[in-house]
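File shown: work-v2.cif. Contents: mmCIF, N, CA and C atoms.
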```
data_target
loop_
_atom_site.label_atom_id
_atom_site.label_comp_id
_atom_site.auth_asym_id
_atom_site.auth_seq_id
_atom_site.Cartn_x
_atom_site.Cartn_y
_atom_site.Cartn_z
N MET N 1 157.02 159.77 50.58
CA MET N 1 155.98 160.06 51.56
C MET N 1 156.33 159.34 52.86
N LEU N 2 156.35 160.09 53.94
CA LEU N 2 156.58 159.53 55.26
C LEU N 2 155.26 159.03 55.81
N ILE N 3 155.23 157.77 56.20
CA ILE N 3 154.01 157.20 56.75
C ILE N 3 154.13 157.19 58.26
N GLU N 4 153.31 157.98 58.91
CA GLU N 4 153.30 158.09 60.37
C GLU N 4 151.93 157.64 60.85
N PRO N 5 151.91 156.80 61.88
CA PRO N 5 150.60 156.30 62.33
C PRO N 5 149.73 157.41 62.92
N LEU N 6 148.44 157.22 62.77
CA LEU N 6 147.49 158.14 63.39
C LEU N 6 147.43 157.85 64.88
N PRO N 7 147.18 158.86 65.69
CA PRO N 7 147.06 158.62 67.14
C PRO N 7 145.87 157.73 67.45
N THR N 8 145.96 157.01 68.56
CA THR N 8 144.86 156.17 69.01
C THR N 8 143.76 157.06 69.59
N LYS N 9 142.58 156.47 69.79
CA LYS N 9 141.49 157.25 70.38
C LYS N 9 141.86 157.70 71.79
N GLY N 10 142.55 156.86 72.55
CA GLY N 10 142.98 157.25 73.89
C GLY N 10 143.92 158.43 73.88
N GLU N 11 144.86 158.42 72.94
CA GLU N 11 145.80 159.54 72.81
C GLU N 11 145.06 160.82 72.45
N VAL N 12 144.10 160.71 71.53
CA VAL N 12 143.34 161.90 71.12
C VAL N 12 142.51 162.44 72.28
N LEU N 13 141.84 161.56 72.99
CA LEU N 13 141.01 162.01 74.12
C LEU N 13 141.87 162.65 75.22
N ARG N 14 143.04 162.07 75.49
CA ARG N 14 143.94 162.67 76.48
C ARG N 14 144.46 164.02 75.99
N ALA N 15 144.74 164.11 74.70
CA ALA N 15 145.22 165.38 74.14
C ALA N 15 144.14 166.45 74.23
N CYS N 16 142.90 166.07 73.97
CA CYS N 16 141.80 167.03 74.05
C CYS N 16 141.71 167.63 75.46
N ARG N 17 142.04 166.87 76.47
CA ARG N 17 142.00 167.37 77.84
C ARG N 17 143.32 168.01 78.27
N GLY N 18 144.31 168.03 77.39
CA GLY N 18 145.58 168.65 77.73
C GLY N 18 146.49 167.75 78.54
N VAL N 19 146.13 166.47 78.66
CA VAL N 19 146.92 165.53 79.45
C VAL N 19 148.11 165.02 78.66
N GLU N 20 147.92 164.83 77.37
CA GLU N 20 148.98 164.27 76.53
C GLU N 20 149.24 165.22 75.37
N GLN N 21 150.42 165.76 75.36
CA GLN N 21 150.80 166.67 74.27
C GLN N 21 152.07 166.14 73.61
N ALA N 22 152.01 164.93 73.11
CA ALA N 22 153.16 164.33 72.43
C ALA N 22 153.51 165.17 71.20
N ALA N 23 154.58 164.81 70.57
CA ALA N 23 155.06 165.57 69.42
C ALA N 23 154.18 165.42 68.19
N HIS N 24 153.18 164.58 68.25
CA HIS N 24 152.33 164.36 67.08
C HIS N 24 151.50 165.61 66.79
N PRO N 25 151.55 166.12 65.57
CA PRO N 25 150.83 167.36 65.25
C PRO N 25 149.31 167.24 65.38
N LEU N 26 148.75 166.06 65.17
CA LEU N 26 147.30 165.91 65.31
C LEU N 26 146.87 166.03 66.76
N LEU N 27 147.72 165.62 67.69
CA LEU N 27 147.38 165.74 69.11
C LEU N 27 147.40 167.21 69.54
N SER N 28 148.37 167.95 69.06
CA SER N 28 148.41 169.39 69.36
C SER N 28 147.19 170.09 68.80
N ALA N 29 146.81 169.72 67.59
CA ALA N 29 145.63 170.33 66.96
C ALA N 29 144.36 169.96 67.71
N ALA N 30 144.26 168.70 68.17
CA ALA N 30 143.07 168.27 68.93
C ALA N 30 142.93 169.09 70.21
N TYR N 31 144.04 169.33 70.88
CA TYR N 31 144.01 170.13 72.10
C TYR N 31 143.57 171.57 71.80
N GLU N 32 144.14 172.14 70.76
CA GLU N 32 143.78 173.52 70.41
C GLU N 32 142.31 173.62 70.00
N LEU N 33 141.83 172.63 69.25
CA LEU N 33 140.41 172.63 68.88
C LEU N 33 139.52 172.57 70.12
N THR N 34 139.89 171.75 71.09
CA THR N 34 139.10 171.65 72.32
C THR N 34 139.08 172.99 73.05
N CYS N 35 140.22 173.64 73.14
CA CYS N 35 140.27 174.96 73.78
C CYS N 35 139.36 175.96 73.07
N LEU N 36 139.33 175.90 71.76
CA LEU N 36 138.45 176.79 70.99
C LEU N 36 136.98 176.48 71.26
N HIS N 37 136.64 175.21 71.34
CA HIS N 37 135.25 174.85 71.66
C HIS N 37 134.88 175.26 73.08
N GLU N 38 135.82 175.15 74.00
CA GLU N 38 135.56 175.61 75.36
C GLU N 38 135.30 177.12 75.37
N SER N 39 136.05 177.85 74.57
CA SER N 39 135.84 179.31 74.47
C SER N 39 134.46 179.62 73.91
N ARG N 40 134.02 178.82 72.95
CA ARG N 40 132.67 179.01 72.39
C ARG N 40 131.61 178.80 73.46
N LEU N 41 131.82 177.79 74.31
CA LEU N 41 130.83 177.47 75.34
C LEU N 41 130.71 178.56 76.40
N VAL N 42 131.82 179.16 76.78
CA VAL N 42 131.76 180.17 77.85
C VAL N 42 131.41 181.55 77.31
N GLY N 43 131.51 181.73 76.02
CA GLY N 43 131.15 183.02 75.41
C GLY N 43 132.20 184.08 75.70
N GLY N 44 131.87 185.29 75.39
CA GLY N 44 132.80 186.39 75.62
C GLY N 44 133.78 186.63 74.49
N CYS N 45 133.97 185.62 73.64
CA CYS N 45 134.88 185.77 72.51
C CYS N 45 134.05 185.86 71.23
N ARG N 46 134.65 186.38 70.22
CA ARG N 46 133.96 186.47 68.93
C ARG N 46 133.89 185.09 68.30
N ILE N 47 132.68 184.61 68.09
CA ILE N 47 132.46 183.29 67.53
C ILE N 47 133.09 183.18 66.14
N THR N 48 133.01 184.23 65.35
CA THR N 48 133.58 184.17 64.00
C THR N 48 135.09 183.98 64.05
N ASP N 49 135.76 184.60 65.00
CA ASP N 49 137.21 184.41 65.14
C ASP N 49 137.54 182.98 65.56
N ILE N 50 136.75 182.47 66.50
CA ILE N 50 136.96 181.09 66.96
C ILE N 50 136.73 180.11 65.81
N ASP N 51 135.65 180.28 65.10
CA ASP N 51 135.33 179.37 64.00
C ASP N 51 136.33 179.47 62.86
N SER N 52 136.86 180.65 62.63
CA SER N 52 137.89 180.83 61.61
C SER N 52 139.15 180.05 61.98
N ARG N 53 139.54 180.13 63.24
CA ARG N 53 140.72 179.39 63.70
C ARG N 53 140.47 177.89 63.64
N ARG N 54 139.26 177.46 64.00
CA ARG N 54 138.92 176.04 63.92
C ARG N 54 139.01 175.55 62.47
N ALA N 55 138.46 176.32 61.56
CA ALA N 55 138.50 175.93 60.14
C ALA N 55 139.94 175.81 59.65
N LYS N 56 140.79 176.71 60.10
CA LYS N 56 142.20 176.66 59.71
C LYS N 56 142.86 175.40 60.26
N LEU N 57 142.58 175.07 61.50
CA LEU N 57 143.14 173.85 62.09
C LEU N 57 142.65 172.59 61.37
N VAL N 58 141.38 172.56 61.02
CA VAL N 58 140.83 171.42 60.29
C VAL N 58 141.54 171.27 58.95
N ARG N 59 141.76 172.38 58.25
CA ARG N 59 142.50 172.32 56.97
C ARG N 59 143.92 171.81 57.18
N GLU N 60 144.59 172.27 58.25
CA GLU N 60 145.96 171.82 58.54
C GLU N 60 145.99 170.32 58.84
N ILE N 61 145.01 169.83 59.59
CA ILE N 61 144.92 168.39 59.87
C ILE N 61 144.76 167.62 58.57
N ASN N 62 143.84 168.07 57.73
CA ASN N 62 143.58 167.37 56.46
C ASN N 62 144.81 167.38 55.56
N HIS N 63 145.53 168.47 55.55
CA HIS N 63 146.77 168.56 54.77
C HIS N 63 147.80 167.57 55.31
N TRP N 64 147.94 167.51 56.63
CA TRP N 64 148.88 166.58 57.24
C TRP N 64 148.52 165.14 56.87
N VAL N 65 147.24 164.80 56.94
CA VAL N 65 146.80 163.44 56.62
C VAL N 65 147.15 163.10 55.18
N ARG N 66 146.88 164.01 54.25
CA ARG N 66 147.19 163.73 52.84
C ARG N 66 148.69 163.55 52.62
N ALA N 67 149.50 164.28 53.38
CA ALA N 67 150.95 164.22 53.20
C ALA N 67 151.60 163.03 53.90
N HIS N 68 150.95 162.46 54.91
CA HIS N 68 151.62 161.46 55.74
C HIS N 68 151.01 160.07 55.71
N LEU N 69 149.88 159.90 55.07
CA LEU N 69 149.28 158.56 55.02
C LEU N 69 149.32 158.04 53.59
N PRO N 70 149.38 156.72 53.46
CA PRO N 70 149.42 156.16 52.11
C PRO N 70 148.09 156.37 51.40
N PRO N 71 148.11 156.41 50.07
CA PRO N 71 146.84 156.54 49.35
C PRO N 71 146.00 155.28 49.54
N ALA N 72 144.71 155.46 49.48
CA ALA N 72 143.78 154.35 49.66
C ALA N 72 143.78 153.45 48.43
N HIS N 73 143.36 152.21 48.61
CA HIS N 73 143.19 151.30 47.49
C HIS N 73 142.10 151.84 46.56
N GLY N 74 142.18 151.51 45.31
CA GLY N 74 141.21 152.00 44.34
C GLY N 74 139.77 151.64 44.66
N SER N 75 139.57 150.53 45.34
CA SER N 75 138.20 150.11 45.65
C SER N 75 137.73 150.60 47.02
N ALA N 76 138.55 151.40 47.70
CA ALA N 76 138.19 151.88 49.04
C ALA N 76 137.00 152.82 48.96
N SER N 77 136.07 152.66 49.90
CA SER N 77 134.91 153.56 49.92
C SER N 77 135.30 154.88 50.59
N VAL N 78 134.56 155.92 50.24
CA VAL N 78 134.85 157.26 50.74
C VAL N 78 134.08 157.49 52.04
N HIS N 79 134.76 157.98 53.05
CA HIS N 79 134.10 158.35 54.30
C HIS N 79 133.37 159.67 54.08
N THR N 80 132.39 159.96 54.91
CA THR N 80 131.59 161.16 54.73
C THR N 80 132.27 162.43 55.22
N GLU N 81 133.27 162.31 56.10
CA GLU N 81 133.94 163.49 56.66
C GLU N 81 135.45 163.34 56.54
N THR N 82 136.12 164.46 56.55
CA THR N 82 137.58 164.44 56.62
C THR N 82 138.00 164.10 58.05
N LEU N 83 139.24 163.71 58.21
CA LEU N 83 139.73 163.43 59.56
C LEU N 83 139.75 164.71 60.40
N GLY N 84 140.02 165.83 59.77
CA GLY N 84 139.98 167.10 60.49
C GLY N 84 138.61 167.39 61.06
N ALA N 85 137.57 167.10 60.29
CA ALA N 85 136.20 167.32 60.77
C ALA N 85 135.87 166.39 61.93
N VAL N 86 136.33 165.14 61.85
CA VAL N 86 136.08 164.19 62.93
C VAL N 86 136.80 164.65 64.21
N LEU N 87 138.05 165.07 64.08
CA LEU N 87 138.78 165.55 65.26
C LEU N 87 138.14 166.81 65.84
N ASP N 88 137.61 167.67 64.98
CA ASP N 88 136.92 168.87 65.47
C ASP N 88 135.68 168.48 66.27
N ARG N 89 134.93 167.49 65.79
CA ARG N 89 133.75 167.04 66.55
C ARG N 89 134.16 166.36 67.85
N LEU N 90 135.25 165.59 67.84
CA LEU N 90 135.73 164.99 69.08
C LEU N 90 136.09 166.08 70.09
N ALA N 91 136.73 167.14 69.61
CA ALA N 91 137.07 168.26 70.48
C ALA N 91 135.81 168.93 71.02
N GLN N 92 134.83 169.12 70.15
CA GLN N 92 133.57 169.73 70.57
C GLN N 92 132.87 168.87 71.62
N TYR N 93 132.78 167.57 71.37
CA TYR N 93 132.12 166.68 72.32
C TYR N 93 132.87 166.61 73.64
N THR N 94 134.21 166.67 73.59
CA THR N 94 135.00 166.67 74.82
C THR N 94 134.72 167.93 75.63
N ALA N 95 134.73 169.07 74.98
CA ALA N 95 134.45 170.33 75.68
C ALA N 95 133.06 170.31 76.29
N THR N 96 132.09 169.81 75.53
CA THR N 96 130.71 169.75 76.03
C THR N 96 130.59 168.77 77.19
N ALA N 97 131.26 167.62 77.10
CA ALA N 97 131.19 166.61 78.16
C ALA N 97 131.75 167.16 79.47
N TYR N 98 132.86 167.86 79.40
CA TYR N 98 133.43 168.40 80.64
C TYR N 98 132.63 169.59 81.16
N ALA N 99 132.01 170.35 80.26
CA ALA N 99 131.10 171.41 80.70
C ALA N 99 129.89 170.80 81.39
N ALA N 100 129.44 169.65 80.91
CA ALA N 100 128.30 168.97 81.52
C ALA N 100 128.62 168.54 82.95
N LEU N 101 129.85 168.15 83.18
CA LEU N 101 130.25 167.79 84.55
C LEU N 101 130.15 168.99 85.49
N ALA N 102 130.51 170.14 84.97
CA ALA N 102 130.51 171.36 85.80
C ALA N 102 129.12 171.93 86.00
N SER N 103 128.21 171.65 85.06
CA SER N 103 126.88 172.23 85.12
C SER N 103 125.86 171.24 84.58
N ALA N 104 125.61 170.19 85.33
CA ALA N 104 124.74 169.12 84.86
C ALA N 104 123.32 169.59 84.57
N ALA N 105 122.91 170.72 85.12
CA ALA N 105 121.55 171.20 84.88
C ALA N 105 121.33 171.60 83.43
N ASP N 106 122.40 171.99 82.72
CA ASP N 106 122.27 172.45 81.35
C ASP N 106 122.38 171.33 80.31
N TYR N 107 122.77 170.13 80.73
CA TYR N 107 123.05 169.05 79.80
C TYR N 107 122.47 167.75 80.32
N ASP N 108 122.20 166.82 79.41
CA ASP N 108 121.89 165.46 79.80
C ASP N 108 123.23 164.73 79.84
N LEU N 109 123.78 164.60 81.03
CA LEU N 109 125.13 164.10 81.22
C LEU N 109 125.37 162.76 80.54
N GLY N 110 124.44 161.83 80.67
CA GLY N 110 124.61 160.51 80.05
C GLY N 110 124.68 160.58 78.54
N ASP N 111 123.81 161.37 77.93
CA ASP N 111 123.80 161.50 76.47
C ASP N 111 125.09 162.13 75.95
N VAL N 112 125.56 163.15 76.66
CA VAL N 112 126.77 163.85 76.23
C VAL N 112 127.97 162.90 76.25
N TRP N 113 128.13 162.17 77.33
CA TRP N 113 129.26 161.25 77.44
C TRP N 113 129.12 160.07 76.49
N GLU N 114 127.90 159.60 76.26
CA GLU N 114 127.69 158.51 75.31
C GLU N 114 128.06 158.95 73.89
N SER N 115 127.70 160.18 73.52
CA SER N 115 128.05 160.70 72.20
C SER N 115 129.56 160.77 72.03
N LEU N 116 130.25 161.22 73.08
CA LEU N 116 131.72 161.29 73.02
C LEU N 116 132.31 159.90 72.86
N ALA N 117 131.83 158.94 73.63
CA ALA N 117 132.36 157.57 73.56
C ALA N 117 132.12 156.96 72.18
N GLU N 118 130.93 157.15 71.64
CA GLU N 118 130.61 156.59 70.32
C GLU N 118 131.48 157.20 69.23
N LEU N 119 131.67 158.51 69.29
CA LEU N 119 132.50 159.16 68.28
C LEU N 119 133.96 158.73 68.42
N ALA N 120 134.43 158.54 69.63
CA ALA N 120 135.81 158.09 69.84
C ALA N 120 136.02 156.71 69.21
N ILE N 121 135.06 155.83 69.37
CA ILE N 121 135.14 154.51 68.75
C ILE N 121 135.10 154.65 67.22
N GLY N 122 134.24 155.52 66.73
CA GLY N 122 134.17 155.77 65.30
C GLY N 122 135.48 156.30 64.75
N TYR N 123 136.13 157.21 65.51
CA TYR N 123 137.45 157.72 65.09
C TYR N 123 138.45 156.58 65.01
N GLU N 124 138.46 155.72 66.02
CA GLU N 124 139.42 154.63 66.04
C GLU N 124 139.22 153.70 64.85
N ASP N 125 137.97 153.37 64.54
CA ASP N 125 137.68 152.53 63.38
C ASP N 125 138.12 153.21 62.08
N LEU N 126 137.81 154.50 61.96
CA LEU N 126 138.19 155.25 60.76
C LEU N 126 139.71 155.31 60.62
N ALA N 127 140.41 155.59 61.71
CA ALA N 127 141.87 155.67 61.67
C ALA N 127 142.48 154.36 61.19
N ALA N 128 141.95 153.24 61.68
CA ALA N 128 142.47 151.93 61.27
C ALA N 128 142.19 151.69 59.79
N GLU N 129 140.98 152.02 59.33
CA GLU N 129 140.62 151.78 57.93
C GLU N 129 141.41 152.68 56.99
N VAL N 130 141.60 153.93 57.36
CA VAL N 130 142.36 154.86 56.52
C VAL N 130 143.83 154.43 56.46
N SER N 131 144.38 154.08 57.60
CA SER N 131 145.78 153.66 57.66
C SER N 131 146.03 152.40 56.84
N ALA N 132 145.04 151.52 56.80
CA ALA N 132 145.18 150.27 56.02
C ALA N 132 144.84 150.46 54.55
N GLY N 133 144.35 151.65 54.17
CA GLY N 133 143.99 151.90 52.79
C GLY N 133 142.63 151.37 52.39
N ARG N 134 141.84 150.93 53.37
CA ARG N 134 140.50 150.40 53.07
C ARG N 134 139.43 151.48 53.00
N ARG N 135 139.76 152.68 53.40
CA ARG N 135 138.79 153.80 53.40
C ARG N 135 139.51 155.02 52.89
N ARG N 136 138.83 155.79 52.07
CA ARG N 136 139.36 157.06 51.58
C ARG N 136 138.66 158.20 52.30
N LEU N 137 139.34 159.31 52.38
CA LEU N 137 138.76 160.51 52.98
C LEU N 137 138.42 161.50 51.87
N PRO N 138 137.41 162.32 52.07
CA PRO N 138 137.08 163.32 51.05
C PRO N 138 138.30 164.20 50.75
N GLY N 139 138.52 164.45 49.48
CA GLY N 139 139.63 165.30 49.06
C GLY N 139 140.97 164.60 49.03
N GLY N 140 141.00 163.33 49.40
CA GLY N 140 142.26 162.58 49.42
C GLY N 140 142.51 161.86 48.12
N PRO N 141 143.69 161.27 48.04
CA PRO N 141 144.05 160.52 46.82
C PRO N 141 143.25 159.24 46.68
#
```
Could you rewrite the structure in this file as structure tokens?
Amino acid sequence: MLIEPLPTKGEVLRACRGVEQAAHPLLSAAYELTCLHESRLVGGCRITDIDSRRAKLVREINHWVRAHLPPAHGSASVHTETLGAVLDRLAQYTATAYAALASAADYDLGDVWESLAELAIGYEDLAAEVSAGRRRLPGGP
């Protein structure tokens, strides 16, 4: 098993905005998820097609995590979401936060950005715990 570190919260947030597209597959997936959420926000596309692609990306992220991270310790507690689900929500919150900048009348700008910041910190904590084997993810070893 190849152990590759998870991206930092800063790398993920930059990837969601298309600023950082390093070779890491999770960063590419985060960017694509954000694009899909942006498409959902502007409408015009079939929501079922968008959600189907999102679900596929989440499964691919979860598969990558199982293949590239060490198994958790036997006493590790289980997190409530997969890493793919967390990255999907980060992408959703990023898309919503930037939409809020463009149209503040439709959103509470402070709440939207606070939610994104809190989830980014939660991702960083989860990534550290999973990488250290102190936390297990649903469906993982």
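Put simply, the PyMOL selection byres (((chain N and resi 50-63 and name CA) around 9) and name CA) on this file hits Pro25, Leu26, Ala29, Ala30, Glu32, Leu33, Leu36, His37, Ser39, Arg40, Cys45, Arg46, Ile47, Thr48, Asp49, Trp64, Val65, Arg66, Ala67, His68, Thr82, Leu83, Gly84, Ala85, Leu87, Asp88, Gly139 and Gly140 of chain N.
Near Leu126 in chain N, within 8 Å and counting only C-alpha atoms, sit Gly122, Val130 and Arg135 of chain N; same-chain residues fewer than 4 positions away were not included.
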Output file for the selection above: N, CA and C atoms, as an mmCIF file, keeping the file's coordinate frame:
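Final file, part-v5.cif:
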```
data_model
loop_
_atom_site.group_PDB
_atom_site.id
_atom_site.type_symbol
_atom_site.label_atom_id
_atom_site.label_comp_id
_atom_site.auth_asym_id
_atom_site.auth_seq_id
_atom_site.Cartn_x
_atom_site.Cartn_y
_atom_site.Cartn_z
ATOM 1 N N GLY N 122 134.240 155.520 66.730
ATOM 2 C CA GLY N 122 134.170 155.770 65.300
ATOM 3 C C GLY N 122 135.480 156.300 64.750
ATOM 4 N N VAL N 130 141.600 153.930 57.360
ATOM 5 C CA VAL N 130 142.360 154.860 56.520
ATOM 6 C C VAL N 130 143.830 154.430 56.460
ATOM 7 N N ARG N 135 139.760 152.680 53.400
ATOM 8 C CA ARG N 135 138.790 153.800 53.400
ATOM 9 C C ARG N 135 139.510 155.020 52.890
#
```
Check your understanding: Among chain N, which residues carry a DSSP assignment of strand (DSSP E or B), reported as a ChimeraX atom specification?
Key -> /N:77-78,135-136
Residue subset to file, keeping N, CA and C atoms, as a PDB file, in the coordinates of the input:
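Contents of out-v1.pdb, freshly written:
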```pdb
ATOM      1  N   SER N  77     136.070 152.660  49.900  1.00  0.00           N
ATOM      2  CA  SER N  77     134.910 153.560  49.920  1.00  0.00           C
ATOM      3  C   SER N  77     135.300 154.880  50.590  1.00  0.00           C
ATOM      4  N   VAL N  78     134.560 155.920  50.240  1.00  0.00           N
ATOM      5  CA  VAL N  78     134.850 157.260  50.740  1.00  0.00           C
ATOM      6  C   VAL N  78     134.080 157.490  52.040  1.00  0.00           C
ATOM      7  N   ARG N 135     139.760 152.680  53.400  1.00  0.00           N
ATOM      8  CA  ARG N 135     138.790 153.800  53.400  1.00  0.00           C
ATOM      9  C   ARG N 135     139.510 155.020  52.890  1.00  0.00           C
ATOM     10  N   ARG N 136     138.830 155.790  52.070  1.00  0.00           N
ATOM     11  CA  ARG N 136     139.360 157.060  51.580  1.00  0.00           C
ATOM     12  C   ARG N 136     138.660 158.200  52.300  1.00  0.00           C
TER      13      ARG N 136
END
```
Exercise. Take atom C of Glu81 in chain N and atom N of Pro138 in chain N and report the distance between them in Å, one decimal.
Key: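 For atom C of Glu81 in chain N relative to atom N of Pro138 in chain N, the distance reads 5.0 Å.
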- Select from range 74-109 of chain N everything DSSP, run on the backbone, classes as helix (DSSP H, G or I), then give the selection as a ChimeraX atom specification. /N:83-102,104-106,109
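Candidate residues N:Glu20, N:Tyr31, N:Ala76, N:Val12 were compared for distance to Ser131 in chain N, and the nearest is N:Ala76, using only C-alpha atoms.
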Practice problem: Go ahead and compute the interatomic distance for CA of Arg14 in chain N and atom N of Ser28 in chain N, in Å to one decimal. | Solution: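 Atom-to-atom, CA of Arg14 in chain N and atom N of Ser28 in chain N are spaced 10.1 Å apart.
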(message) Translate the PyMOL selection byres ((chain N and resi 104-121) around 8) into a concrete residue list for this structure, as a list of chain:residue names.
(response)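 After applying the PyMOL selection byres ((chain N and resi 104-121) around 8), what remains is N:Thr8, N:Lys9, N:Gly10, N:Leu13, N:Val86, N:Arg89, N:Leu90, N:Gln92, N:Tyr93, N:Thr94, N:Thr96, N:Ala97, N:Tyr98, N:Ala99, N:Ala100, N:Leu101, N:Ala102, N:Ser103, N:Gly122, N:Tyr123, N:Glu124, N:Asp125, N:Leu126, N:Ala127.
Here CA of Leu41 in chain N stands at a distance of 15.2 Å from CA of Cys16 in chain N.
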I'd like the box whose edges run along x, y and z of the file and which contains every listed atom of range 37-41 of chain N, padded by 5 Å per side; could you state its centre and edge lengths in Å, one decimal, as lines of an AutoDock Vina configuration file?
```
center_x = 133.7
center_y = 177.2
center_z = 73.9
size_x = 15.9
size_y = 14.8
size_z = 15.1
```
Specify as a PDB file with N, CA and C atoms, in the coordinates of the input each residue included when the PyMOL selection byres ((chain N and resi 70-75) around 6) is applied to this file.
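File out23.pdb, as written:
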```
ATOM      1  N   ILE N   3     155.230 157.770  56.200  1.00  0.00           N
ATOM      2  CA  ILE N   3     154.010 157.200  56.750  1.00  0.00           C
ATOM      3  C   ILE N   3     154.130 157.190  58.260  1.00  0.00           C
ATOM      4  N   HIS N  68     150.950 162.460  54.910  1.00  0.00           N
ATOM      5  CA  HIS N  68     151.620 161.460  55.740  1.00  0.00           C
ATOM      6  C   HIS N  68     151.010 160.070  55.710  1.00  0.00           C
ATOM      7  N   LEU N  69     149.880 159.900  55.070  1.00  0.00           N
ATOM      8  CA  LEU N  69     149.280 158.560  55.020  1.00  0.00           C
ATOM      9  C   LEU N  69     149.320 158.040  53.590  1.00  0.00           C
ATOM     10  N   ALA N  76     138.550 151.400  47.700  1.00  0.00           N
ATOM     11  CA  ALA N  76     138.190 151.880  49.040  1.00  0.00           C
ATOM     12  C   ALA N  76     137.000 152.820  48.960  1.00  0.00           C
ATOM     13  N   SER N  77     136.070 152.660  49.900  1.00  0.00           N
ATOM     14  CA  SER N  77     134.910 153.560  49.920  1.00  0.00           C
ATOM     15  C   SER N  77     135.300 154.880  50.590  1.00  0.00           C
ATOM     16  N   GLY N 133     144.350 151.650  54.170  1.00  0.00           N
ATOM     17  CA  GLY N 133     143.990 151.900  52.790  1.00  0.00           C
ATOM     18  C   GLY N 133     142.630 151.370  52.390  1.00  0.00           C
ATOM     19  N   ARG N 134     141.840 150.930  53.370  1.00  0.00           N
ATOM     20  CA  ARG N 134     140.500 150.400  53.070  1.00  0.00           C
ATOM     21  C   ARG N 134     139.430 151.480  53.000  1.00  0.00           C
ATOM     22  N   ARG N 135     139.760 152.680  53.400  1.00  0.00           N
ATOM     23  CA  ARG N 135     138.790 153.800  53.400  1.00  0.00           C
ATOM     24  C   ARG N 135     139.510 155.020  52.890  1.00  0.00           C
ATOM     25  N   ARG N 136     138.830 155.790  52.070  1.00  0.00           N
ATOM     26  CA  ARG N 136     139.360 157.060  51.580  1.00  0.00           C
ATOM     27  C   ARG N 136     138.660 158.200  52.300  1.00  0.00           C
ATOM     28  N   PRO N 141     143.690 161.270  48.040  1.00  0.00           N
ATOM     29  CA  PRO N 141     144.050 160.520  46.820  1.00  0.00           C
ATOM     30  C   PRO N 141     143.250 159.240  46.680  1.00  0.00           C
TER      31      PRO N 141
END
```
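Each of N:Val42, N:Val78, N:Ala95, N:Leu6 was checked against Gly18 in chain N using only C-alpha atoms; the smallest atom-to-atom distance is that of N:Ala95.
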